[in-house]
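Asks: Got a structure for you, written out below as structure tokens; questions coming shortly.
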Amino acid sequence: MKIFLRSPGNAKGARRKLSLKAREARLAYLLTGPALIVVALIILFPIIWNVVLSLQPIRMRDLATIKLWDLDHLSFDNYARGLDRRFWTGLRVTLIYAFSSTVLAVAVGLWAALVARDPFPGRNLFRACLLFPYVAPLVSSALIWRLMLDKHIGMVNVLLEHFGGAPVGWLTARALPVHILGLGIKLPVVLITVILFEVWRIFPFAFLFILARIQAIPDDMYEAARVDGASPSQSLWYITLPQLKAVFGTLFLLRFIVHFYKFGDVFLLSGGVAGTDVLSIQIYDWLFARRNVGVAAAIGVLLALLLLALAAVYQRWFSTQEV
Amino acid sequence: MAKRMSRDALERRIGQTLKVVSIVLLLVIAVLPFYWMLNMSFRPYGDVQVHPLRVIPRWQDVRAVLSPLVCIGNSEADVCRSAVLNSSYAAVLIHYDFWAFIRNSLSIASMAALLSLIISIPAAYALTRLDFRGKQWVSSVVLLVYMFPSIVISIPLFVFFVRLQRATGLRLRSPAGVTIVYLAGTLPVALYMLRGYFLSIPQEIEEAALIDGATRLGVIRRITLPLAAPAIASVALYVFMIAWNEFLYALLFLVDAPAAWTLPLGLQQLDNQEVPRHFLMAGSVIISAPVIALFMFCERFLTGGLTAGGVKG
């Protein structure tokens, strides 16, 4: 500091001018510092470390003793082991799961938003009640569903039988042969169940998103359409839905990313059996059932790379939209 | 009846009918499972087997659930011990230690929420109000870690956890230790949400105060924080909810330490052949009731936050 004080006048003036900006930057670093350090320690560093782990042969039992930052003996063996037939089947299941649950959740969310657009008595209560599935803890929701879908005493099957149907193994039947229009199809029942569970849990989120956008559509547009003789279904088709395109895109990408990596929902409902072996369950399985940390890390790296690609798509999409 | 209804009138009439049907149907879809959970939490297996669709529990079952209430104060008696085991709620709370899980969940969730806010409020302020090199970069990092899947982070964190515990001898499989891990889930959400909120709060007043000679920290304390208080409160509630509902990290890091189990983990571990179903449902009610009640109280306040940051759920 003393050196600065003795410096010539013009330098001092320059310093003060600079220092306003520099001081702001210093304050900014001070304020963001703690967050950055914590994020680096518990998220960024683990992500990078995961790559190193994925290139080493690490088993759970020698976790406590093995050298964990061994950059001399790296190999791709874990990837070769991890990318087995189960992985590719799992990838397909994960894609089907993420895609259908996202599309259906957005569709049901749209339905609910259209219903709640115009005021009716009790609309606030209606809106609050619809959010229950989204805010309730996952573990209890999964337990309720499992009890309701129980093959013998679950209310769904009891009702089915009451109306003359046969009980369905909602959480056990990998494929149920059914005949629709003379065609024999095998329905992946458990996969459908976990998709519907996800739709049930997430549609409130889509509902809120879409409702906010629907209520922002100016009334004049509807007025103008009515003056021109448009019926309600025409204004829905030609005004509301086009106005919602952007929010559909955002919701779809956002939720697709989250559903692609979902662990708890599938784990707690079906445990990953009977055709619901999604990739996040495979990671857990490699880690705790097969106790192979290296392969788990390898699949984790692949999923992370996929996320980076999806996030890039999302950011590009987001920068072109104003939602 | 009109001879010919116009297309407009016809569609309106159909629309009204569809709307009423939809309201009922959507309410049933959203709420019925929770009613069923409450109903089933009172009904022992024998009753469910005979009358699977009974909508209101028998009085005798309700009385069995309530009976331990008379024992408050003299819990020593044998009568009371059996009353506890016959009441789903009391059994779960006392016999299966849910009191301890509630304590753990409360302390982990509130610590995670508090720490997330303390760390993210200054950062969110800097990211929206100050100009500095690397700002764009930091914002991208915030978005990235926000979307990063917890199942992937959990592997290296788990390895790190095991090694750190071994190297330091600390008891990391405890509520305090696992709070750090929970931060990996809650901090990015808090950062992302708060950044969005701060962007939406107009800056003119702050700038005016700065021009009038107020110091930066004075402005933060007297103007920004009070203006952002509702946003901060809703982020706090939301982050608390995430931590309260969190399951994956609890499963990975606490499963070997029953004394540190959280409510979701305790409930999941209870889900086995020996435990009666109505006990499980009572446990589910105990976990869900606080969140749903909290949400009903602050519904208006929270819905904005849910759309802003409810991605991880």
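Identifiers for the structure tokens are assigned positionally: chains receive A, B, ... in sequence, residues are indexed from 1 per chain, and ligands are indexed from 1 in the order shown.
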Could the residues of chain B within 7 Å of chain A, counting only C-alpha atoms, be given as a ChimeraX atom specification, please?

Replies: /B:7-8,11-12,19,23,27,30-31,33,37,49,52-53,119-120,122-123,126,130-132,149,151-153,155-157,162-163,184,245,247-248,264,268,284,288,291-292,296,299,307,312

Asks: So that I have them on file, write out the residues from the current selection with N, CA and C atoms, as a CSV table (one decimal), in the first residue's frame.

Replies:
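File produced: part.csv:
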chain,number,residue,atom,x,y,z
B,7,ARG,N,-72.5,-24.4,-33.9
B,7,ARG,CA,-71.3,-25.1,-33.5
B,7,ARG,C,-70.7,-24.6,-32.3
B,8,ASP,N,-70.7,-23.2,-32.2
B,8,ASP,CA,-70.2,-22.6,-31.0
B,8,ASP,C,-70.8,-23.0,-29.7
B,11,GLU,N,-70.2,-26.7,-28.9
B,11,GLU,CA,-68.9,-26.9,-28.3
B,11,GLU,C,-68.8,-26.4,-26.9
B,12,ARG,N,-69.4,-25.2,-26.7
B,12,ARG,CA,-69.4,-24.7,-25.3
B,12,ARG,C,-70.0,-25.6,-24.3
B,19,LYS,N,-65.3,-30.2,-18.8
B,19,LYS,CA,-64.5,-29.6,-17.7
B,19,LYS,C,-64.9,-30.1,-16.3
B,23,ILE,N,-62.3,-32.1,-13.9
B,23,ILE,CA,-62.0,-31.7,-12.6
B,23,ILE,C,-62.1,-32.8,-11.6
B,27,LEU,N,-58.9,-34.7,-9.8
B,27,LEU,CA,-58.8,-34.7,-8.3
B,27,LEU,C,-58.6,-36.1,-7.8
B,30,ALA,N,-55.1,-37.3,-8.4
B,30,ALA,CA,-54.1,-36.7,-7.6
B,30,ALA,C,-54.2,-37.0,-6.1
B,31,VAL,N,-55.5,-37.1,-5.6
B,31,VAL,CA,-55.7,-37.1,-4.2
B,31,VAL,C,-56.0,-38.5,-3.6
B,33,PRO,N,-54.9,-41.6,-4.0
B,33,PRO,CA,-53.8,-42.4,-3.4
B,33,PRO,C,-53.5,-41.9,-2.0
B,37,MET,N,-53.9,-44.0,1.4
B,37,MET,CA,-52.8,-44.2,2.4
B,37,MET,C,-53.3,-44.0,3.8
B,49,GLN,N,-58.0,-57.9,4.0
B,49,GLN,CA,-58.2,-59.2,3.3
B,49,GLN,C,-59.7,-59.5,3.0
B,52,PRO,N,-61.4,-55.5,1.0
B,52,PRO,CA,-60.3,-54.7,0.5
B,52,PRO,C,-60.7,-53.3,0.2
B,53,LEU,N,-62.0,-53.0,-0.2
B,53,LEU,CA,-62.4,-51.7,-0.6
B,53,LEU,C,-63.1,-50.9,0.5
B,119,ILE,N,-24.6,-19.9,1.7
B,119,ILE,CA,-23.5,-19.9,0.7
B,119,ILE,C,-24.1,-19.3,-0.6
B,120,SER,N,-25.4,-19.6,-0.9
B,120,SER,CA,-25.8,-19.2,-2.3
B,120,SER,C,-26.3,-17.7,-2.4
B,122,PRO,N,-25.0,-14.8,-1.2
B,122,PRO,CA,-24.0,-13.8,-1.7
B,122,PRO,C,-23.6,-14.1,-3.1
B,123,ALA,N,-23.5,-15.4,-3.5
B,123,ALA,CA,-23.1,-15.8,-4.8
B,123,ALA,C,-24.2,-15.3,-5.8
B,126,ALA,N,-23.9,-11.6,-6.3
B,126,ALA,CA,-22.8,-11.2,-7.2
B,126,ALA,C,-23.1,-11.5,-8.7
B,130,LEU,N,-23.2,-7.7,-9.9
B,130,LEU,CA,-21.8,-7.2,-10.0
B,130,LEU,C,-21.2,-7.6,-11.3
B,131,ASP,N,-20.2,-6.9,-11.7
B,131,ASP,CA,-19.6,-7.2,-13.0
B,131,ASP,C,-18.2,-7.7,-12.7
B,132,PHE,N,-17.8,-8.9,-13.2
B,132,PHE,CA,-16.5,-9.4,-12.9
B,132,PHE,C,-16.1,-10.4,-14.0
B,149,PRO,N,-26.8,-35.2,-12.8
B,149,PRO,CA,-27.5,-36.3,-12.1
B,149,PRO,C,-26.8,-36.8,-10.8
B,151,ILE,N,-27.0,-39.5,-9.3
B,151,ILE,CA,-26.5,-40.9,-9.3
B,151,ILE,C,-25.1,-41.0,-9.8
B,152,VAL,N,-24.7,-40.1,-10.7
B,152,VAL,CA,-23.3,-40.1,-11.2
B,152,VAL,C,-22.4,-39.5,-10.2
B,153,ILE,N,-22.8,-38.4,-9.5
B,153,ILE,CA,-21.9,-37.8,-8.5
B,153,ILE,C,-21.7,-38.7,-7.3
B,155,ILE,N,-21.1,-41.8,-7.0
B,155,ILE,CA,-20.1,-42.8,-7.0
B,155,ILE,C,-18.8,-42.2,-6.4
B,156,PRO,N,-18.2,-41.2,-7.0
B,156,PRO,CA,-17.0,-40.6,-6.4
B,156,PRO,C,-17.2,-40.1,-5.0
B,157,LEU,N,-18.3,-39.5,-4.7
B,157,LEU,CA,-18.6,-39.0,-3.4
B,157,LEU,C,-18.5,-40.2,-2.4
B,162,VAL,N,-15.7,-42.9,2.0
B,162,VAL,CA,-15.1,-44.1,2.7
B,162,VAL,C,-13.6,-43.8,3.0
B,163,ARG,N,-12.9,-43.2,2.1
B,163,ARG,CA,-11.5,-42.9,2.3
B,163,ARG,C,-11.3,-41.8,3.4
B,184,ALA,N,-24.6,-31.3,-2.0
B,184,ALA,CA,-24.4,-31.5,-3.4
B,184,ALA,C,-25.7,-31.5,-4.2
B,245,ASN,N,-37.2,-35.0,1.4
B,245,ASN,CA,-37.7,-36.1,0.6
B,245,ASN,C,-36.5,-36.9,0.1
B,247,PHE,N,-33.7,-39.4,-1.0
B,247,PHE,CA,-33.6,-40.8,-0.7
B,247,PHE,C,-32.3,-41.4,-1.2
B,248,LEU,N,-31.8,-41.1,-2.4
B,248,LEU,CA,-30.6,-41.8,-2.9
B,248,LEU,C,-29.4,-41.6,-2.0
B,264,PRO,N,-37.2,-41.1,5.1
B,264,PRO,CA,-37.4,-41.9,3.9
B,264,PRO,C,-36.6,-43.2,4.0
B,268,GLN,N,-38.2,-46.9,4.0
B,268,GLN,CA,-37.9,-47.9,3.0
B,268,GLN,C,-37.3,-49.2,3.6
B,284,SER,N,-45.8,-43.7,6.1
B,284,SER,CA,-45.9,-42.9,5.0
B,284,SER,C,-46.7,-41.6,5.3
B,288,SER,N,-45.3,-37.8,4.9
B,288,SER,CA,-45.9,-36.9,3.9
B,288,SER,C,-46.6,-35.8,4.6
B,291,VAL,N,-44.9,-32.3,4.9
B,291,VAL,CA,-44.6,-31.6,3.6
B,291,VAL,C,-45.9,-31.1,3.0
B,292,ILE,N,-46.9,-31.9,3.0
B,292,ILE,CA,-48.2,-31.5,2.4
B,292,ILE,C,-48.8,-30.3,3.2
B,296,MET,N,-49.5,-26.7,1.8
B,296,MET,CA,-50.9,-26.1,1.7
B,296,MET,C,-50.8,-24.7,2.4
B,299,GLU,N,-48.9,-22.3,-0.2
B,299,GLU,CA,-49.1,-22.7,-1.6
B,299,GLU,C,-48.8,-21.6,-2.6
B,307,THR,N,-41.9,-23.9,-10.2
B,307,THR,CA,-41.6,-23.8,-11.6
B,307,THR,C,-40.2,-23.3,-11.8
B,312,LYS,N,-35.3,-31.0,-10.1
B,312,LYS,CA,-34.6,-32.2,-9.6
B,312,LYS,C,-35.6,-33.2,-9.0

Asks: Need the shell around Ala231 in chain B: protein/DNA/RNA residues with any atom at most 9 Å away, counting only C-alpha atoms. Skip same-chain ones fewer than 3 positions apart. Format as a list in words?

Replies: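 So, after excluding close chain neighbours, the residues are Met193, Leu194, Tyr197, Phe198, Leu227, Ala228, Ser234, Val235, Ala236, Phe301 and Gly305 of chain B.
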
Asks: Between CA of Arg216 in chain B and CA of Leu20 in chain A, what is the spacing in Å?

Replies: 11.5 Å

Asks: According to DSSP computed on the backbone, where in range 85-230 of chain A is there strand (DSSP E)? Give the residues as a list in words.

Replies: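 Answer for range 85-230 of chain A, restricted to strand (DSSP E): Leu176, Pro177, Val178, His179, Ile180, Leu183, Gly184, Ile185, Lys186 and Leu187 of chain A.
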
Asks: Write out, as a PDB file, in the first residue's frame, the residues just selected, with N, CA and C atoms.

Replies:
ATOM      1  N   LEU A 176     -47.400 -59.067 -20.746  1.00  0.00           N
ATOM      2  CA  LEU A 176     -48.762 -59.583 -20.638  1.00  0.00           C
ATOM      3  C   LEU A 176     -49.348 -59.680 -22.050  1.00  0.00           C
ATOM      4  N   PRO A 177     -49.639 -60.906 -22.490  1.00  0.00           N
ATOM      5  CA  PRO A 177     -50.209 -61.012 -23.838  1.00  0.00           C
ATOM      6  C   PRO A 177     -51.647 -60.494 -23.849  1.00  0.00           C
ATOM      7  N   VAL A 178     -51.935 -59.584 -24.735  1.00  0.00           N
ATOM      8  CA  VAL A 178     -53.313 -59.104 -24.862  1.00  0.00           C
ATOM      9  C   VAL A 178     -53.688 -59.140 -26.335  1.00  0.00           C
ATOM     10  N   HIS A 179     -55.000 -59.159 -26.575  1.00  0.00           N
ATOM     11  CA  HIS A 179     -55.470 -59.157 -27.956  1.00  0.00           C
ATOM     12  C   HIS A 179     -56.261 -57.890 -28.204  1.00  0.00           C
ATOM     13  N   ILE A 180     -55.697 -57.038 -29.037  1.00  0.00           N
ATOM     14  CA  ILE A 180     -56.408 -55.818 -29.397  1.00  0.00           C
ATOM     15  C   ILE A 180     -56.667 -55.861 -30.891  1.00  0.00           C
ATOM     16  N   LEU A 183     -55.050 -58.467 -32.870  1.00  0.00           N
ATOM     17  CA  LEU A 183     -53.599 -58.554 -32.865  1.00  0.00           C
ATOM     18  C   LEU A 183     -53.135 -58.993 -31.490  1.00  0.00           C
ATOM     19  N   GLY A 184     -52.216 -59.943 -31.461  1.00  0.00           N
ATOM     20  CA  GLY A 184     -51.653 -60.360 -30.182  1.00  0.00           C
ATOM     21  C   GLY A 184     -50.450 -59.494 -29.862  1.00  0.00           C
ATOM     22  N   ILE A 185     -50.533 -58.734 -28.760  1.00  0.00           N
ATOM     23  CA  ILE A 185     -49.413 -57.868 -28.375  1.00  0.00           C
ATOM     24  C   ILE A 185     -48.969 -58.265 -26.978  1.00  0.00           C
ATOM     25  N   LYS A 186     -47.663 -58.168 -26.728  1.00  0.00           N
ATOM     26  CA  LYS A 186     -47.185 -58.400 -25.375  1.00  0.00           C
ATOM     27  C   LYS A 186     -46.913 -57.055 -24.723  1.00  0.00           C
ATOM     28  N   LEU A 187     -47.697 -56.733 -23.706  1.00  0.00           N
ATOM     29  CA  LEU A 187     -47.532 -55.446 -23.036  1.00  0.00           C
ATOM     30  C   LEU A 187     -46.472 -55.552 -21.951  1.00  0.00           C
TER      31      LEU A 187
END

Asks: Output as a ChimeraX atom specification all residues of range 71-290 of chain B that backbone DSSP marks as alpha helix (DSSP H).

Replies: /B:78-86,88-90,98-129,135-147,150-168,175-200,204-211,216-219,225-245,248-254,263-270,277-290
